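Trainee: Okay, so here is run_1.cif, and as you'll see once you scroll down, it has mmCIF, C-alpha atoms.
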data_data
loop_
_atom_site.group_PDB
_atom_site.id
_atom_site.type_symbol
_atom_site.label_atom_id
_atom_site.label_comp_id
_atom_site.auth_asym_id
_atom_site.auth_seq_id
_atom_site.Cartn_x
_atom_site.Cartn_y
_atom_site.Cartn_z
ATOM 1 C CA MET A 1450 5.363 26.273 13.029
ATOM 2 C CA THR A 1451 8.821 26.198 11.512
ATOM 3 C CA ILE A 1452 10.125 23.475 9.239
ATOM 4 C CA ARG A 1453 12.561 22.396 11.946
ATOM 5 C CA THR A 1454 9.743 22.079 14.511
ATOM 6 C CA ARG A 1455 7.674 20.047 12.047
ATOM 7 C CA ALA A 1456 10.639 17.800 11.284
ATOM 8 C CA ILE A 1457 11.177 17.178 15.001
ATOM 9 C CA ALA A 1458 7.451 16.466 15.491
ATOM 10 C CA LEU A 1459 7.419 14.097 12.511
ATOM 11 C CA GLY A 1460 10.554 12.368 13.807
ATOM 12 C CA ALA A 1461 8.959 11.908 17.234
ATOM 13 C CA ALA A 1462 5.756 10.549 15.689
ATOM 14 C CA THR A 1463 7.794 8.168 13.543
ATOM 15 C CA ALA A 1464 9.705 6.954 16.600
ATOM 16 C CA VAL A 1465 6.425 6.245 18.403
ATOM 17 C CA ALA A 1466 5.055 4.395 15.372
ATOM 18 C CA LEU A 1467 8.199 2.327 14.927
ATOM 19 C CA SER A 1468 8.406 1.457 18.631
ATOM 20 C CA GLY A 1469 5.165 -0.494 18.353
ATOM 21 C CA CYS A 1470 3.132 1.943 20.419
ATOM 22 C CA SER A 1471 -0.231 2.937 19.095
ATOM 23 C CA MET A 1472 -0.557 6.483 17.809
ATOM 24 C CA LEU A 1473 -4.172 6.019 16.869
ATOM 25 C CA GLY A 1474 -5.818 4.407 19.841
ATOM 26 C CA GLY A 1475 -7.906 5.997 22.521
ATOM 27 C CA GLY A 1476 -7.064 9.583 21.722
ATOM 28 C CA ASP A 1477 -9.104 12.728 21.765
ATOM 29 C CA ASP A 1478 -11.992 12.564 19.285
ATOM 30 C CA ARG A 1479 -12.502 16.322 18.984
ATOM 31 C CA GLY A 1480 -14.092 16.976 15.652
ATOM 32 C CA SER A 1481 -13.410 13.476 14.399
ATOM 33 C CA ALA A 1482 -15.404 12.416 11.399
ATOM 34 C CA GLY A 1483 -15.776 9.055 13.121
ATOM 35 C CA SER A 1484 -16.597 10.346 16.600
ATOM 36 C CA SER A 1485 -20.269 9.415 16.334
ATOM 37 C CA SER A 1486 -19.375 5.763 15.812
ATOM 38 C CA SER A 1487 -18.889 3.259 18.584
ATOM 39 C CA SER A 1488 -15.138 3.672 18.540
ATOM 40 C CA GLN A 1489 -13.037 2.591 21.460
ATOM 41 C CA THR A 1490 -13.497 4.616 24.600
ATOM 42 C CA SER A 1491 -11.315 2.910 27.162
ATOM 43 C CA GLY A 1492 -7.996 3.480 25.401
ATOM 44 C CA VAL A 1493 -7.179 -0.211 25.939
ATOM 45 C CA VAL A 1494 -6.024 -1.852 22.745
ATOM 46 C CA THR A 1495 -6.815 -5.558 22.581
ATOM 47 C CA GLY A 1496 -5.973 -6.124 18.944
ATOM 48 C CA ASP A 1497 -3.746 -8.778 17.453
ATOM 49 C CA ASP A 1498 -0.252 -7.871 16.249
ATOM 50 C CA ALA A 1499 -0.612 -10.036 13.112
ATOM 51 C CA ASN A 1500 -3.781 -8.421 11.732
ATOM 52 C CA GLY A 1501 -2.589 -4.879 12.422
ATOM 53 C CA ALA A 1502 -5.291 -4.055 14.986
ATOM 54 C CA LYS A 1503 -2.853 -3.321 17.790
ATOM 55 C CA ALA A 1504 -0.690 -1.013 15.675
ATOM 56 C CA ALA A 1505 -3.825 0.745 14.395
ATOM 57 C CA GLY A 1506 -5.175 1.228 17.928
ATOM 58 C CA ILE A 1507 -8.278 -0.910 17.407
ATOM 59 C CA ASP A 1508 -10.090 -2.406 20.388
ATOM 60 C CA LEU A 1509 -11.480 -5.620 18.898
ATOM 61 C CA LYS A 1510 -14.048 -5.833 21.719
ATOM 62 C CA ASN A 1511 -15.522 -2.528 20.548
ATOM 63 C CA PRO A 1512 -14.473 -1.917 16.920
ATOM 64 C CA PRO A 1513 -15.543 1.373 15.336
ATOM 65 C CA LYS A 1514 -18.225 1.614 12.671
ATOM 66 C CA ALA A 1515 -17.227 2.598 9.151
ATOM 67 C CA ILE A 1516 -17.394 6.227 8.030
ATOM 68 C CA ALA A 1517 -17.185 5.133 4.376
ATOM 69 C CA GLU A 1518 -16.695 1.865 2.518
ATOM 70 C CA GLN A 1519 -16.275 0.291 -0.870
ATOM 71 C CA THR A 1520 -15.844 -3.223 -2.223
ATOM 72 C CA ILE A 1521 -13.116 -3.780 -4.770
ATOM 73 C CA THR A 1522 -12.884 -6.760 -7.116
ATOM 74 C CA VAL A 1523 -9.535 -8.521 -6.764
ATOM 75 C CA ASP A 1524 -9.773 -11.963 -8.443
ATOM 76 C CA GLN A 1525 -6.156 -12.853 -7.586
ATOM 77 C CA ASP A 1526 -4.492 -15.362 -5.271
ATOM 78 C CA SER A 1527 -7.826 -16.883 -4.127
ATOM 79 C CA VAL A 1528 -9.156 -13.433 -3.111
ATOM 80 C CA ASP A 1529 -12.368 -12.538 -4.958
ATOM 81 C CA GLU A 1530 -13.272 -9.211 -3.357
ATOM 82 C CA THR A 1531 -12.112 -6.974 -0.536
ATOM 83 C CA LYS A 1532 -14.332 -4.696 1.495
ATOM 84 C CA VAL A 1533 -12.378 -1.527 2.345
ATOM 85 C CA GLU A 1534 -13.739 0.525 5.252
ATOM 86 C CA LEU A 1535 -12.531 3.889 6.525
ATOM 87 C CA LEU A 1536 -13.044 3.653 10.284
ATOM 88 C CA GLU A 1537 -11.574 6.900 11.504
ATOM 89 C CA LEU A 1538 -10.252 10.160 10.154
ATOM 90 C CA ARG A 1539 -9.178 12.636 12.826
ATOM 91 C CA ARG A 1540 -6.832 15.565 13.308
ATOM 92 C CA ASP A 1541 -3.750 15.058 15.440
ATOM 93 C CA ASP A 1542 -1.483 18.110 15.618
ATOM 94 C CA ASN A 1543 -0.236 18.737 12.076
ATOM 95 C CA VAL A 1544 -1.639 15.586 10.398
ATOM 96 C CA MET A 1545 -4.900 13.693 9.898
ATOM 97 C CA LEU A 1546 -4.789 10.100 11.116
ATOM 98 C CA ALA A 1547 -6.818 7.493 9.242
ATOM 99 C CA THR A 1548 -7.666 3.915 10.210
ATOM 100 C CA PHE A 1549 -8.897 1.319 7.718
ATOM 101 C CA ARG A 1550 -10.346 -2.205 7.897
ATOM 102 C CA LEU A 1551 -9.835 -4.585 4.938
ATOM 103 C CA THR A 1552 -11.862 -7.805 4.799
ATOM 104 C CA GLY A 1553 -11.302 -10.216 1.925
ATOM 105 C CA THR A 1554 -13.616 -12.916 0.617
ATOM 106 C CA GLY A 1555 -12.673 -15.818 -1.590
ATOM 107 C CA ARG A 1556 -11.515 -19.415 -1.508
ATOM 108 C CA GLY A 1557 -9.515 -20.917 1.327
ATOM 109 C CA THR A 1558 -8.666 -19.907 4.856
ATOM 110 C CA GLU A 1559 -4.964 -19.103 4.626
ATOM 111 C CA ASP A 1560 -3.708 -15.734 5.845
ATOM 112 C CA LYS A 1561 -3.692 -12.921 3.301
ATOM 113 C CA SER A 1562 -1.739 -9.709 3.723
ATOM 114 C CA ALA A 1563 -3.253 -6.291 3.098
ATOM 115 C CA PHE A 1564 -1.069 -6.156 -0.024
ATOM 116 C CA LYS A 1565 -2.751 -9.302 -1.406
ATOM 117 C CA LEU A 1566 -6.227 -8.167 -0.289
ATOM 118 C CA LEU A 1567 -5.690 -5.033 -2.373
ATOM 119 C CA GLY A 1568 -4.931 -7.063 -5.504
ATOM 120 C CA TRP A 1569 -1.156 -7.198 -5.089
ATOM 121 C CA THR A 1570 -1.151 -3.409 -4.909
ATOM 122 C CA SER A 1571 0.459 -1.254 -2.238
ATOM 123 C CA PHE A 1572 -1.651 0.422 0.424
ATOM 124 C CA ALA A 1573 -1.052 4.010 -0.663
ATOM 125 C CA PRO A 1574 -4.156 6.056 0.143
ATOM 126 C CA VAL A 1575 -4.599 9.509 -1.348
ATOM 127 C CA LEU A 1576 -7.146 12.203 -0.509
ATOM 128 C CA ILE A 1577 -8.196 14.356 -3.468
ATOM 129 C CA ASP A 1578 -9.645 17.843 -3.103
ATOM 130 C CA MET A 1579 -11.723 18.021 -6.277
ATOM 131 C CA LYS A 1580 -12.689 21.685 -5.787
ATOM 132 C CA ASN A 1581 -9.090 22.925 -5.589
ATOM 133 C CA LEU A 1582 -7.632 20.068 -7.668
ATOM 134 C CA GLU A 1583 -5.093 19.109 -5.013
ATOM 135 C CA LYS A 1584 -3.861 15.683 -3.969
ATOM 136 C CA TYR A 1585 -2.858 14.807 -0.389
ATOM 137 C CA LYS A 1586 -0.619 11.731 -0.389
ATOM 138 C CA HIS A 1587 -0.251 9.541 2.690
ATOM 139 C CA VAL A 1588 2.808 9.995 4.904
ATOM 140 C CA GLU A 1589 4.789 6.842 4.162
ATOM 141 C CA ASP A 1590 6.718 6.866 7.453
ATOM 142 C CA LEU A 1591 3.415 6.950 9.367
ATOM 143 C CA THR A 1592 1.743 4.085 7.487
ATOM 144 C CA SER A 1593 1.229 0.428 8.425
ATOM 145 C CA ASP A 1594 3.197 -2.253 6.610
ATOM 146 C CA ASP A 1595 0.815 -3.813 4.087
ATOM 147 C CA VAL A 1596 2.928 -6.966 3.790
ATOM 148 C CA THR A 1597 3.093 -7.929 7.483
ATOM 149 C CA ALA A 1598 -0.514 -7.109 8.472
ATOM 150 C CA GLU A 1599 -2.480 -10.249 7.595
ATOM 151 C CA ALA A 1600 -5.483 -12.358 8.552
ATOM 152 C CA PRO A 1601 -7.434 -15.309 7.122
ATOM 153 C CA LEU A 1602 -9.997 -14.540 4.422
ATOM 154 C CA GLY A 1603 -13.202 -13.361 6.057
ATOM 155 C CA GLN A 1604 -11.311 -11.806 8.981
ATOM 156 C CA PRO A 1605 -10.306 -8.114 9.024
ATOM 157 C CA VAL A 1606 -6.850 -6.643 8.543
ATOM 158 C CA TYR A 1607 -6.363 -3.160 10.027
ATOM 159 C CA MET A 1608 -4.197 -0.455 8.491
ATOM 160 C CA PHE A 1609 -3.403 3.121 9.475
ATOM 161 C CA THR A 1610 -1.807 6.120 7.844
ATOM 162 C CA ALA A 1611 -1.484 9.878 8.154
ATOM 163 C CA PHE A 1612 -2.216 12.677 5.704
ATOM 164 C CA PRO A 1613 -1.187 16.338 5.668
ATOM 165 C CA LEU A 1614 -3.916 18.632 6.971
ATOM 166 C CA PRO A 1615 -6.157 20.074 4.263
ATOM 167 C CA LYS A 1616 -6.284 23.766 3.468
ATOM 168 C CA ASP A 1617 -8.724 25.896 5.453
ATOM 169 C CA GLY A 1618 -12.250 25.651 4.117
ATOM 170 C CA VAL A 1619 -11.930 22.121 2.691
ATOM 171 C CA THR A 1620 -14.916 20.194 4.059
ATOM 172 C CA GLU A 1621 -14.768 16.986 2.019
ATOM 173 C CA MET A 1622 -12.421 15.072 -0.256
ATOM 174 C CA ASP A 1623 -12.425 11.923 -2.350
ATOM 175 C CA LEU A 1624 -10.365 8.945 -1.180
ATOM 176 C CA ARG A 1625 -8.423 6.432 -3.274
ATOM 177 C CA VAL A 1626 -6.987 3.555 -1.233
ATOM 178 C CA THR A 1627 -4.700 2.340 -4.035
ATOM 179 C CA SER A 1628 -3.689 3.706 -7.408
ATOM 180 C CA GLU A 1629 -5.902 1.034 -8.990
ATOM 181 C CA SER A 1630 -9.077 1.476 -6.906
ATOM 182 C CA PRO A 1631 -11.943 3.814 -7.719
ATOM 183 C CA ALA A 1632 -12.492 6.851 -5.511
ATOM 184 C CA ILE A 1633 -14.756 6.869 -2.479
ATOM 185 C CA GLU A 1634 -16.379 10.256 -2.910
ATOM 186 C CA ASP A 1635 -17.189 13.051 -0.465
ATOM 187 C CA ILE A 1636 -15.385 11.922 2.686
ATOM 188 C CA PRO A 1637 -16.086 14.560 5.380
ATOM 189 C CA MET A 1638 -12.944 16.203 6.753
ATOM 190 C CA PRO A 1639 -12.513 16.409 10.521
ATOM 191 C CA LYS A 1640 -12.760 19.885 12.036
#
Take the structure in this file and express it as structure tokens.

Mentor:
Amino acid sequence: MTIRTRAIALGAATAVALSGCSMLGGGDDRGSAGSSSSSQTSGVVTGDDANGAKAAGIDLKNPPKAIAEQTITVDQDSVDETKVELLELRRDDNVMLATFRLTGTGRGTEDKSAFKLLGWTSFAPVLIDMKNLEKYKHVEDLTSDDVTAEAPLGQPVYMFTAFPLPKDGVTEMDLRVTSESPAIEDIPMPK
């Protein structure tokens, strides 16, 4: 695929993402690392715009199970901890699409953005291939807005992003959700 073709494909994907349509919902699960979970099957997205579920393609009546998770200590702005769950990681043309669920615990019931749930740190996930010592940064133009996606403490906020496809032969990578968070190790790569 030429650079021009990739640029056109990326531009089209960006247009879909910015138009409010879901890129992640109800698609083909071929080889998805999360395909064994109870992810949505109807393709109908019933999520809320505010918590990011609709943009991430999450059917709140049948949310997917986590592929991997970690709890990070926040201790800021009445947020004590945030459970970070990777719900889906699947191939889609020339990228891998990832969906996350963030659930904060703490004091109060006011809405908290993903940015605040992550300790006032940007949602900037990175996959790290430890065998080849390569880093795969998220595609910023294909990533949810961590400031506008929000929900009350105890309720989930959904985020999505895209990563470049890994090199052939890479079967697992480590995941860092923010520059400050520890790595979630050995995430299986979709085939």

Trainee: Could you tell me which residues the PyMOL selection byres ((chain A and resi 1614) around 10) grabs in this file, written as number ranges by chain?

Mentor: A: 1539-1546, 1585, 1611-1613, 1615-1617, 1619, 1638-1639

Trainee: Between A:Glu1530, A:Glu1629, A:Glu1537, A:Glu1518, which has the minimum distance to Gly1555 (chain A) (counting all atoms listed in the file)?

Mentor: A:Glu1530

Trainee: Applying the PyMOL selection byres ((chain A and resi 1583) around 12) to the file I just gave you, which residues come out? Please list them as a PyMOL selection string.

Mentor: chain A and resi 1575-1582+1584-1586+1613+1615-1616+1619+1622-1623

Trainee: Determine the nearest neighbour of Lys1561 (chain A) from the options A:Val1596, A:Ala1504, A:Lys1510, A:Met1608, counting only C-alpha atoms.

Mentor: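 Answer, going by the shortest atom-to-atom distance: A:Val1596.
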
Trainee: Using the chain letters and numbers from the file, which residues does the PyMOL selection byres ((chain A and resi 1604) around 12) grab, as number ranges by chain?

Mentor: A: 1497, 1499-1502, 1509, 1531-1532, 1550-1555, 1558-1563, 1566, 1598-1603, 1605-1607

Trainee: Determine the nearest neighbour of Gly1568 (chain A) from the options A:Thr1520, A:Asn1511, A:Gln1525, A:Ser1593, counting all atoms listed in the file.

Mentor: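 Among A:Thr1520, A:Asn1511, A:Gln1525, A:Ser1593, it is A:Gln1525 that comes nearest to Gly1568 (chain A).
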
Trainee: Would you list the residues near (-2.7, 0.0, 0.9) (no more than 7 Å away, in the coordinates of the file, using only C-alpha atoms) as JSON, numbers by chain?

Mentor: {"A": [1563, 1564, 1567, 1570, 1571, 1572, 1573, 1574, 1595, 1626, 1627]}

Trainee: Could you check which of A:Lys1640, A:Thr1597, A:Asp1508, A:Pro1631 is closest to Gly1618 (chain A), using all atoms listed in the file?

Mentor: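 Checking each candidate against Gly1618 (chain A), we get A:Lys1640 as the closest.
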
Trainee: Using Å and a single decimal, report how far CA of Ile1633 (chain A) sits from CA of Gly1557 (chain A).

Mentor: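 Separating CA of Gly1557 (chain A) from CA of Ile1633 (chain A) is a distance of 28.5 Å.
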
Trainee: Which residue gives the smallest distance to Leu1624 (chain A) among A:Val1528, A:Trp1569, A:Ala1517, A:Thr1548, with all atoms listed in the file counted?

Mentor: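 So, comparing all the options, the nearest one is A:Ala1517.
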
Trainee: Please, what distance in Å, to one decimal, runs between CA of Ser1527 (chain A) and CA of Arg1556 (chain A)?

Mentor: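 Atom-to-atom, CA of Ser1527 (chain A) and CA of Arg1556 (chain A) are spaced 5.2 Å apart.
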
Trainee: Just checking: using all atoms listed in the file, which residue out of A:Arg1625, A:Glu1634, A:Ala1547, A:Phe1609 ends up closest to Ile1521 (chain A)?

Mentor: A:Arg1625

Trainee: To one decimal place, how far is CA of Leu1538 (chain A) from CA of Val1523 (chain A) in Å?

Mentor: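 Atom-to-atom, CA of Leu1538 (chain A) and CA of Val1523 (chain A) are spaced 25.2 Å apart.
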
Trainee: To test the calculation: enclose all listed atoms of region 1507-1524 of chain A in a box whose edges run along x, y and z, add 8 Å on each side, then state centre and edge lengths in Å to one decimal, as AutoDock Vina command-line options.

Mentor:
--center_x -13.3 --center_y -2.9 --center_z 6.6 --size_x 25.9 --size_y 34.2 --size_z 46.2

Trainee: Regenerate region 1535-1551 of chain A at the level of N, CA and C atoms and dump it as a tab-separated table (two decimals), in the frame of the given file.

Mentor:
chain	number	residue	atom	x	y	z
A	1535	LEU	N	-13.20	2.82	5.79
A	1535	LEU	CA	-12.53	3.89	6.52
A	1535	LEU	C	-13.22	3.97	7.88
A	1536	LEU	N	-12.47	3.68	8.95
A	1536	LEU	CA	-13.04	3.65	10.28
A	1536	LEU	C	-12.91	4.97	11.02
A	1537	GLU	N	-11.83	5.67	10.76
A	1537	GLU	CA	-11.57	6.90	11.50
A	1537	GLU	C	-10.74	7.84	10.65
A	1538	LEU	N	-11.05	9.10	10.76
A	1538	LEU	CA	-10.25	10.16	10.15
A	1538	LEU	C	-10.31	11.32	11.13
A	1539	ARG	N	-9.18	11.59	11.80
A	1539	ARG	CA	-9.18	12.64	12.83
A	1539	ARG	C	-7.89	13.44	12.77
A	1540	ARG	N	-8.00	14.68	13.23
A	1540	ARG	CA	-6.83	15.56	13.31
A	1540	ARG	C	-5.99	15.19	14.51
A	1541	ASP	N	-4.68	15.26	14.34
A	1541	ASP	CA	-3.75	15.06	15.44
A	1541	ASP	C	-2.56	15.97	15.17
A	1542	ASP	N	-2.51	17.10	15.83
A	1542	ASP	CA	-1.48	18.11	15.62
A	1542	ASP	C	-1.45	18.55	14.15
A	1543	ASN	N	-0.38	18.23	13.44
A	1543	ASN	CA	-0.24	18.74	12.08
A	1543	ASN	C	-0.54	17.69	11.00
A	1544	VAL	N	-1.24	16.61	11.37
A	1544	VAL	CA	-1.64	15.59	10.40
A	1544	VAL	C	-3.07	15.14	10.67
A	1545	MET	N	-3.64	14.41	9.70
A	1545	MET	CA	-4.90	13.69	9.90
A	1545	MET	C	-4.55	12.22	9.96
A	1546	LEU	N	-5.03	11.53	10.98
A	1546	LEU	CA	-4.79	10.10	11.12
A	1546	LEU	C	-6.00	9.34	10.60
A	1547	ALA	N	-5.75	8.30	9.83
A	1547	ALA	CA	-6.82	7.49	9.24
A	1547	ALA	C	-6.60	6.03	9.58
A	1548	THR	N	-7.70	5.34	9.91
A	1548	THR	CA	-7.67	3.92	10.21
A	1548	THR	C	-8.61	3.20	9.25
A	1549	PHE	N	-8.14	2.09	8.70
A	1549	PHE	CA	-8.90	1.32	7.72
A	1549	PHE	C	-9.05	-0.13	8.17
A	1550	ARG	N	-10.14	-0.77	7.70
A	1550	ARG	CA	-10.35	-2.20	7.90
A	1550	ARG	C	-10.53	-2.82	6.51
A	1551	LEU	N	-9.75	-3.86	6.21
A	1551	LEU	CA	-9.84	-4.58	4.94
A	1551	LEU	C	-10.29	-6.00	5.24
